[in-house]
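K.L.:
Input model_5.cif, format and content: mmCIF, C-alpha atoms.
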data_run
#
loop_
_atom_site.label_atom_id
_atom_site.label_comp_id
_atom_site.auth_asym_id
_atom_site.auth_seq_id
_atom_site.Cartn_x
_atom_site.Cartn_y
_atom_site.Cartn_z
CA MET A 239 0.00 0.00 0.00
CA HIS A 240 3.01 2.28 0.06
CA ILE A 241 2.86 5.03 -2.49
CA MET A 242 6.50 5.41 -3.44
CA GLU A 243 8.39 8.68 -3.07
CA GLY A 244 7.91 10.85 -6.15
CA PHE A 245 4.91 8.92 -7.45
CA LEU A 246 2.30 11.37 -6.15
CA PRO A 247 2.05 14.97 -7.45
CA TRP A 248 3.03 17.51 -4.76
CA GLN A 249 -0.52 18.94 -4.62
CA TRP A 250 -1.91 15.55 -3.61
CA CYS A 251 0.93 15.02 -1.13
CA LEU A 252 -0.05 18.30 0.51
CA ILE A 253 -3.76 17.43 0.60
CA TRP A 254 -3.12 14.05 2.28
CA TRP A 255 -0.73 15.63 4.79
CA ILE A 256 -3.44 18.19 5.64
CA VAL A 257 -5.89 15.31 6.22
CA ALA A 258 -3.39 13.26 8.25
CA LEU A 259 -1.98 15.92 10.59
CA PRO A 260 -5.13 16.77 12.64
CA CYS A 261 -5.84 13.02 13.04
CA LEU A 262 -2.29 12.48 14.33
CA MET A 263 -2.64 15.38 16.76
CA LEU A 264 -5.93 13.96 18.04
CA GLY A 265 -4.22 10.55 18.36
CA ILE A 266 -1.33 12.00 20.42
CA TYR A 267 -3.83 13.83 22.67
CA GLN A 268 -5.87 10.62 23.18
CA LEU A 269 -2.72 8.59 23.82
CA LYS A 270 -1.57 10.98 26.56
CA LYS A 271 -5.06 10.84 28.11
CA VAL A 272 -5.28 7.03 28.06
CA LEU A 273 -1.80 6.60 29.56
CA ALA A 274 -2.46 9.25 32.24
CA LEU A 275 -5.64 7.43 33.27
CA ASP A 276 -4.19 3.93 33.28
CA ARG A 277 -0.45 3.18 33.00
CA GLU A 278 -1.28 -0.52 32.51
CA ALA A 279 -2.55 0.39 29.05
CA LEU A 280 1.09 0.87 28.02
CA PRO A 281 1.94 -2.88 27.71
CA LEU A 282 -1.26 -3.41 25.69
CA LEU A 283 -0.19 -0.55 23.42
CA GLY A 284 3.20 -2.32 23.11
CA VAL A 285 1.54 -5.57 22.02
CA THR A 286 -0.88 -3.98 19.54
CA GLY A 287 1.87 -1.72 18.15
CA GLY A 288 4.27 -4.67 18.05
CA PHE A 289 1.89 -6.55 15.77
CA ILE A 290 1.75 -3.59 13.38
CA PHE A 291 5.58 -3.67 13.28
CA ILE A 292 5.67 -7.43 12.70
CA LEU A 293 2.85 -7.89 10.20
CA SER A 294 3.64 -4.84 8.06
CA SER A 295 7.14 -6.21 7.51
CA PHE A 296 5.87 -9.51 6.01
CA LYS A 297 5.80 -9.39 2.24
CA LEU A 298 3.65 -12.36 1.34
CA PRO A 299 2.85 -13.83 -2.10
CA SER A 300 -0.73 -13.78 -3.28
CA VAL A 301 -3.12 -15.03 -5.96
CA THR A 302 -2.37 -12.21 -8.42
CA GLY A 303 1.28 -13.26 -8.79
CA SER A 304 2.52 -10.31 -6.74
CA CYS A 305 3.39 -9.80 -3.07
CA SER A 306 1.80 -7.62 -0.43
CA HIS A 307 1.86 -7.21 3.34
CA PRO A 308 -0.81 -7.30 6.07
CA THR A 309 -1.27 -4.13 8.13
CA GLY A 310 -1.84 -5.54 11.64
CA THR A 311 -3.96 -2.53 12.66
CA GLY A 312 -7.02 -4.49 13.88
CA LEU A 313 -5.92 -5.11 17.49
CA SER A 314 -4.90 -1.50 18.03
CA THR A 315 -8.15 -0.27 16.46
CA ILE A 316 -10.25 -2.40 18.83
CA SER A 317 -8.18 -1.60 21.94
CA PHE A 318 -7.45 2.10 21.42
CA GLY A 319 -9.54 3.36 18.48
CA PRO A 320 -8.47 4.73 15.09
CA TRP A 321 -6.67 7.91 16.15
CA ILE A 322 -4.10 6.26 18.44
CA THR A 323 -3.68 3.58 15.75
CA ALA A 324 -2.85 6.39 13.29
CA VAL A 325 0.02 7.50 15.56
CA VAL A 326 1.46 3.95 15.77
CA CYS A 327 1.12 3.53 12.00
CA ALA A 328 2.86 6.87 11.42
CA ILE A 329 5.89 5.60 13.40
CA VAL A 330 6.02 2.35 11.38
CA LEU A 331 5.58 4.16 8.06
CA LEU A 332 8.23 6.73 8.97
CA PHE A 333 10.69 3.90 9.75
CA GLN A 334 9.89 2.25 6.42
CA SER A 335 10.27 5.46 4.42
CA LEU A 336 13.55 6.47 6.10
CA PHE A 337 15.33 3.11 6.19
CA LEU A 338 13.65 0.89 3.59
CA ALA A 339 12.65 3.34 0.83
CA HIS A 340 9.14 1.92 1.12
CA GLY A 341 6.94 4.95 0.75
CA GLY A 342 8.54 8.35 1.19
CA LEU A 343 8.39 11.50 3.27
CA SER A 344 6.31 13.40 0.70
CA THR A 345 3.85 10.49 0.34
CA LEU A 346 3.86 9.71 4.09
CA GLY A 347 0.65 11.71 4.59
CA ALA A 348 -1.18 9.66 1.94
CA ASN A 349 0.18 6.40 3.39
CA ILE A 350 -0.86 7.39 6.93
CA VAL A 351 -4.36 8.21 5.65
CA SER A 352 -4.76 4.77 4.03
CA MET A 353 -3.09 2.50 6.63
CA GLY A 354 -3.49 4.56 9.78
CA ILE A 355 -6.78 6.40 9.33
CA ILE A 356 -9.31 5.09 6.78
CA GLY A 357 -8.56 1.36 7.24
CA PRO A 358 -8.79 1.60 11.08
CA LEU A 359 -11.84 3.92 10.83
CA VAL A 360 -13.72 1.30 8.79
CA GLY A 361 -12.62 -1.38 11.27
CA TYR A 362 -13.69 0.79 14.19
CA GLY A 363 -17.11 1.32 12.58
CA VAL A 364 -17.57 -2.46 12.35
CA TYR A 365 -16.39 -2.87 15.96
CA ARG A 366 -18.87 -0.24 17.26
CA LEU A 367 -21.63 -1.90 15.25
CA LEU A 368 -20.93 -5.37 16.67
CA ARG A 369 -19.61 -4.56 20.17
CA ASP A 370 -22.95 -4.54 21.95
CA THR A 371 -24.60 -7.30 19.92
CA SER A 372 -24.55 -11.04 20.53
CA VAL A 373 -21.85 -11.53 17.85
CA ASN A 374 -18.92 -13.54 19.19
CA VAL A 375 -15.88 -11.50 20.32
CA TYR A 376 -13.50 -13.46 18.07
CA VAL A 377 -15.75 -13.03 15.02
CA THR A 378 -15.78 -9.29 15.76
CA VAL A 379 -11.95 -9.20 15.97
CA PHE A 380 -11.69 -11.20 12.73
CA LEU A 381 -14.04 -8.85 10.83
CA VAL A 382 -12.45 -5.65 12.19
CA THR A 383 -8.94 -6.86 11.34
CA ALA A 384 -9.76 -8.17 7.87
CA LEU A 385 -11.80 -5.10 6.88
CA ALA A 386 -9.26 -2.61 8.26
CA ASP A 387 -6.65 -4.38 6.14
CA MET A 388 -8.80 -4.48 2.99
CA PHE A 389 -9.90 -0.85 3.23
CA THR A 390 -6.30 0.30 3.62
CA TYR A 391 -5.68 -0.99 0.11
CA VAL A 392 -9.01 0.31 -1.22
CA THR A 393 -7.98 3.77 0.05
CA THR A 394 -4.55 3.55 -1.60
CA SER A 395 -6.32 2.67 -4.86
CA LEU A 396 -8.59 5.70 -4.48
CA GLU A 397 -5.68 8.02 -3.66
CA LEU A 398 -3.86 6.91 -6.80
CA ALA A 399 -6.99 7.01 -8.96
CA LEU A 400 -7.66 10.61 -7.89
CA ALA A 401 -4.12 11.61 -8.83
CA TYR A 402 -4.01 9.58 -12.05
CA PRO A 403 -7.47 9.38 -13.69
CA ALA A 404 -7.60 7.23 -16.83
CA GLU A 405 -8.01 8.96 -20.20
CA THR A 406 -11.21 7.04 -20.82
CA GLY A 407 -13.41 6.47 -17.79
CA GLY A 408 -11.62 8.97 -15.54
CA VAL A 409 -11.22 8.35 -11.81
CA ALA A 410 -13.72 5.44 -11.70
CA SER A 411 -11.93 3.47 -14.40
CA SER A 412 -8.52 4.17 -12.84
CA PHE A 413 -9.86 3.20 -9.38
CA ILE A 414 -10.93 -0.22 -10.70
CA LEU A 415 -7.50 -0.74 -12.29
CA PHE A 416 -5.71 0.05 -9.02
CA LEU A 417 -8.20 -2.05 -7.04
CA CYS A 418 -7.35 -5.04 -9.26
CA ILE A 419 -3.69 -4.67 -8.27
CA PHE A 420 -4.00 -3.79 -4.59
CA ALA A 421 -7.34 -5.08 -3.25
CA VAL A 422 -7.51 -8.44 -5.03
CA THR A 423 -3.96 -9.28 -3.91
CA GLN A 424 -5.01 -8.43 -0.37
CA ILE A 425 -8.08 -10.69 0.02
CA PRO A 426 -6.29 -13.91 1.15
CA LEU A 427 -3.85 -11.92 3.29
CA ALA A 428 -6.69 -10.08 5.05
CA ILE A 429 -8.46 -13.37 5.85
CA VAL A 430 -5.33 -14.98 7.33
CA GLU A 431 -4.53 -11.79 9.26
CA GLY A 432 -8.06 -11.75 10.69
CA VAL A 433 -7.83 -15.35 11.94
CA VAL A 434 -4.32 -14.93 13.38
CA LEU A 435 -5.15 -11.71 15.24
CA ALA A 436 -8.37 -13.27 16.60
CA LEU A 437 -6.10 -15.97 18.07
CA VAL A 438 -3.75 -13.32 19.52
CA PHE A 439 -6.78 -11.58 21.07
CA LYS A 440 -7.67 -14.87 22.76
CA TYR A 441 -4.23 -14.90 24.46
CA ILE A 442 -4.67 -11.27 25.57
CA LEU A 443 -8.09 -12.22 26.99
CA THR A 444 -6.56 -15.18 28.81
CA LEU A 445 -3.62 -13.29 30.34
CA LYS A 446 -4.93 -9.76 30.88
CA PRO A 447 -8.74 -9.54 30.72
CA ASP A 448 -8.85 -6.76 33.35
CA ILE A 449 -7.18 -4.15 31.13
CA LEU A 450 -9.72 -4.83 28.35
CA ILE A 451 -12.55 -4.40 30.86
CA ARG A 452 -11.05 -1.18 32.26
CA LEU A 453 -10.58 0.25 28.75
CA LYS A 454 -14.22 -0.80 28.03
CA VAL A 455 -13.12 -2.70 24.90
CA PHE A 456 -15.92 -5.21 25.51
CA SER A 457 -18.35 -5.60 28.42
CA GLU A 458 -17.26 -7.80 31.35
CA GLU A 459 -20.00 -10.34 30.52
CA LYS A 460 -18.85 -10.61 26.92
CA ILE A 461 -15.19 -11.00 27.93
CA ASN A 462 -16.05 -13.70 30.49
CA ALA A 463 -18.19 -15.49 27.90
CA ALA A 464 -15.34 -15.35 25.36
CA ARG A 465 -12.85 -16.68 27.95
CA SER A 466 -15.04 -19.68 28.68
CA GLU A 467 -15.66 -20.38 24.98
CA CYS A 468 -12.10 -21.06 23.87
CA MET B 1293 -13.77 -27.33 26.81
CA ALA B 1294 -14.37 -29.27 23.57
CA TYR B 1295 -13.72 -26.05 21.63
CA ARG B 1296 -10.61 -25.08 23.60
CA TYR B 1297 -8.26 -25.11 20.61
CA THR B 1298 -10.72 -24.10 17.87
CA LEU B 1299 -8.96 -20.81 17.13
CA GLU B 1300 -5.51 -22.44 17.06
CA LEU B 1301 -6.89 -25.02 14.64
CA LEU B 1302 -8.52 -22.37 12.45
CA ALA B 1303 -5.33 -20.27 12.38
CA GLY B 1304 -3.29 -23.35 11.44
CA LEU B 1305 -5.75 -24.25 8.68
CA ALA B 1306 -5.77 -20.68 7.34
CA ILE B 1307 -1.95 -20.67 7.15
CA VAL B 1308 -1.84 -24.08 5.44
CA ALA B 1309 -4.54 -22.99 2.94
CA PHE B 1310 -2.59 -19.78 2.27
CA CYS B 1311 0.60 -21.77 1.55
CA ALA B 1312 -1.33 -24.20 -0.69
CA LEU B 1313 -2.79 -21.25 -2.61
CA PHE B 1314 0.72 -19.84 -3.16
CA LEU B 1315 2.02 -23.21 -4.42
CA TYR B 1316 -0.97 -23.52 -6.78
CA THR B 1317 -0.55 -19.94 -8.05
CA SER B 1318 3.18 -20.27 -8.63
CA ALA B 1319 2.69 -23.61 -10.44
CA THR B 1320 -0.15 -22.46 -12.71
CA MET B 1321 0.60 -18.77 -13.31
CA SER B 1322 3.45 -18.69 -15.81
CA GLY B 1323 5.55 -15.53 -15.63
CA ALA B 1324 4.40 -14.58 -12.14
CA GLU B 1325 7.32 -12.65 -10.61
CA PHE B 1326 5.78 -12.12 -7.16
CA ALA B 1327 7.10 -8.57 -7.10
CA GLY B 1328 5.68 -6.15 -4.54
CA SER B 1329 2.22 -4.77 -5.37
CA ASP B 1330 3.73 -1.30 -4.72
CA HIS B 1331 6.01 -1.81 -7.73
CA VAL B 1332 3.17 -3.18 -9.87
CA GLY B 1333 1.10 -0.12 -8.85
CA SER B 1334 4.01 2.17 -9.79
CA GLY B 1335 4.03 0.50 -13.23
CA LEU B 1336 0.32 1.30 -13.65
CA ILE B 1337 0.95 4.93 -12.60
CA ALA B 1338 3.61 5.16 -15.32
CA LYS B 1339 1.19 3.69 -17.86
CA LEU B 1340 -1.70 6.00 -16.90
CA SER B 1341 0.45 9.14 -16.82
CA GLY B 1342 2.35 8.26 -20.01
CA ASN B 1343 5.64 8.78 -18.15
CA PRO B 1344 8.20 5.98 -17.82
CA VAL B 1345 8.88 4.85 -14.22
CA GLU B 1346 12.44 6.27 -14.41
CA ASN B 1347 11.01 9.78 -14.89
CA PHE B 1348 9.44 9.76 -11.42
CA GLN B 1349 12.03 11.42 -9.21
CA PRO B 1350 11.75 11.76 -5.41
CA LEU B 1351 10.26 15.09 -4.29
CA ILE B 1352 12.28 14.75 -1.07
CA PRO B 1353 15.72 13.07 -1.37
CA GLN B 1354 15.57 9.54 0.02
CA TRP B 1355 18.12 7.00 1.23
CA VAL B 1356 17.72 3.69 -0.58
CA PRO B 1357 19.17 0.43 0.83
CA PRO B 1358 22.20 -0.34 -1.36
CA SER B 1359 21.20 -3.98 -1.91
CA GLY B 1360 18.29 -6.40 -1.54
CA GLU B 1361 20.17 -8.14 1.27
CA ILE B 1362 20.43 -4.96 3.32
CA GLU B 1363 16.76 -4.22 2.67
CA ALA B 1364 15.84 -7.75 3.85
CA CYS B 1365 18.03 -7.22 6.94
CA LEU B 1366 16.22 -3.97 7.80
CA PHE B 1367 12.81 -5.60 7.29
CA ALA B 1368 13.92 -8.39 9.64
CA LEU B 1369 15.00 -5.71 12.13
CA GLN B 1370 11.54 -4.14 11.96
CA ALA B 1371 9.89 -7.51 12.60
CA ALA B 1372 12.36 -8.17 15.43
CA VAL B 1373 11.46 -4.87 17.17
CA GLY B 1374 7.79 -5.91 17.03
CA GLY B 1375 8.61 -9.45 18.18
CA ILE B 1376 10.62 -8.22 21.16
CA LEU B 1377 7.78 -5.89 22.21
CA VAL B 1378 5.13 -8.62 21.92
CA GLY B 1379 7.32 -11.27 23.61
CA ALA B 1380 8.31 -8.98 26.49
CA VAL B 1381 4.71 -7.95 27.25
CA PHE B 1382 3.26 -11.46 26.97
CA GLY B 1383 6.09 -12.71 29.21
CA PHE B 1384 5.36 -9.93 31.73
CA TRP B 1385 1.63 -10.74 31.72
CA ALA B 1386 2.27 -14.49 32.01
CA GLY B 1387 4.54 -13.82 35.01
CA GLN B 1388 1.88 -11.64 36.65
CA ALA B 1389 -0.78 -14.32 36.03
CA ARG B 1390 1.49 -17.01 37.53
CA GLY B 1391 2.14 -14.78 40.54
CA ARG B 1392 -1.59 -14.39 41.11
CA THR B 1393 -2.08 -18.19 40.93
CA VAL B 1394 0.71 -18.83 43.48
CA GLU B 1395 -0.78 -16.26 45.89
#
Transcribe the structure of this file into structure tokens.

P.N.:
Amino acid sequence: MHIMEGFLPWQWCLIWWIVALPCLMLGIYQLKKVLALDREALPLLGVTGGFIFILSSFKLPSVTGSCSHPTGTGLSTISFGPWITAVVCAIVLLFQSLFLAHGGLSTLGANIVSMGIIGPLVGYGVYRLLRDTSVNVYVTVFLVTALADMFTYVTTSLELALAYPAETGGVASSFILFLCIFAVTQIPLAIVEGVVLALVFKYILTLKPDILIRLKVFSEEKINAARSEC
Amino acid sequence: MAYRYTLELLAGLAIVAFCALFLYTSATMSGAEFAGSDHVGSGLIAKLSGNPVENFQPLIPQWVPPSGEIEACLFALQAAVGGILVGAVFGFWAGQARGRTVE
């Protein structure tokens, strides 16, 4: 999902930076607030951030004959919401643009918007929709993770389509072309990521259910039910 | 209790199915290079804009790993940072949980 340095016109770089910056500021404010209220949230932030570091470094082969990487943003989205997730993603993307030439500083805003903001926002919407229903906790984690991953790549496709509309068909036609490269490649990866992070969530529930209850990630009844299920 | 390892089983199955899909794709798709989708996307940008890929120059100068090996090493370093974080916290929580059981 990285838009490489120099591959986005400067006007679009500026627009995506303008979108990303207020979200990052809100994320930093929320992060300070969460950590001031409960220092025990810090290890959970370490785990959820750690998975973004790990999974976004895996370049995996897919059905289209090209490789892509998962995003790992689902756990952070569920535990801390989309804005704090944007801050963690910004750190990972900055590392990748400075030391790996994956993405760049000018396109960092666009990459933060896709991986750190829109993907997690879609995931968070699904989480809020399912949180207080009878849907199983692990199914919720699976859906949030898989959809946050998929919509990261849908957003990258849209960002590129807006900057490079096709001669015939304009933005819509270009969007479909980019979707075929990014989103189709991502489908199997998003499914595996969803299942694996649902398993990781089970281990968090087993070892540290109290922090999830205190952060009001799920209700105590739902967490206890999930602990007895698996 | 009967479903205790359902998620472990599902995760294992998903990983095996993913590997099988890769083997099938690489065996049936002739000419598949398995390059990064970022690079394939860059190729489409070049096609849509009518500019060859080489004409896209960084807007902000960027350090590029001098070889694929160094790039792989830095990716491994990134994964290691994440792994250390996850391992340290899970270890800390497991220790706390054990302490509670002993008490």

K.L.:
Pick from A:Tyr362, A:Phe439, A:Phe337, A:Phe318: nearest to A:Phe389, with all atoms listed in the file counted?

P.N.:
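Of the candidates, the smallest distance to A:Phe389 is held by A:Tyr362.
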
K.L.:
I need the contact residues of chain B against chain A, so if you could list those with any atom within 8 Å, counting all atoms listed in the file, and return them as a PyMOL selection string, that would help.

P.N.:
chain B and resi 1293+1295-1300+1302-1303+1306-1307+1310+1313-1314+1317-1318+1321+1324-1330+1332-1334+1336-1337+1340-1341+1348-1352+1354-1357+1363+1366-1368+1370-1378+1381-1382+1385-1386+1389

K.L.:
May I ask which of the residues A:Pro308, A:Leu443, A:Val373, A:Val379 is the closest one to A:Ile425, counting only C-alpha atoms?

P.N.:
A:Pro308

K.L.:
Find the distance between atom CA of A:Thr315 and atom CA of A:Trp250 and write it in Å to one decimal.

P.N.:
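Computing the Euclidean distance for atom CA of A:Thr315 and atom CA of A:Trp250 yields 26.3 Å.
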
K.L.:
Have a look at atom CA of A:Ile449 and atom CA of A:Leu275 and let me know their distance in Å, one decimal.

P.N.:
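Answer for the atom CA of A:Ile449 to atom CA of A:Leu275 separation: 11.9 Å.
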
K.L.:
Separation of atom CA of A:Phe413 and atom CA of A:Gly363, in Å?

P.N.:
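That distance, rounded to one decimal, is 23.2 Å.
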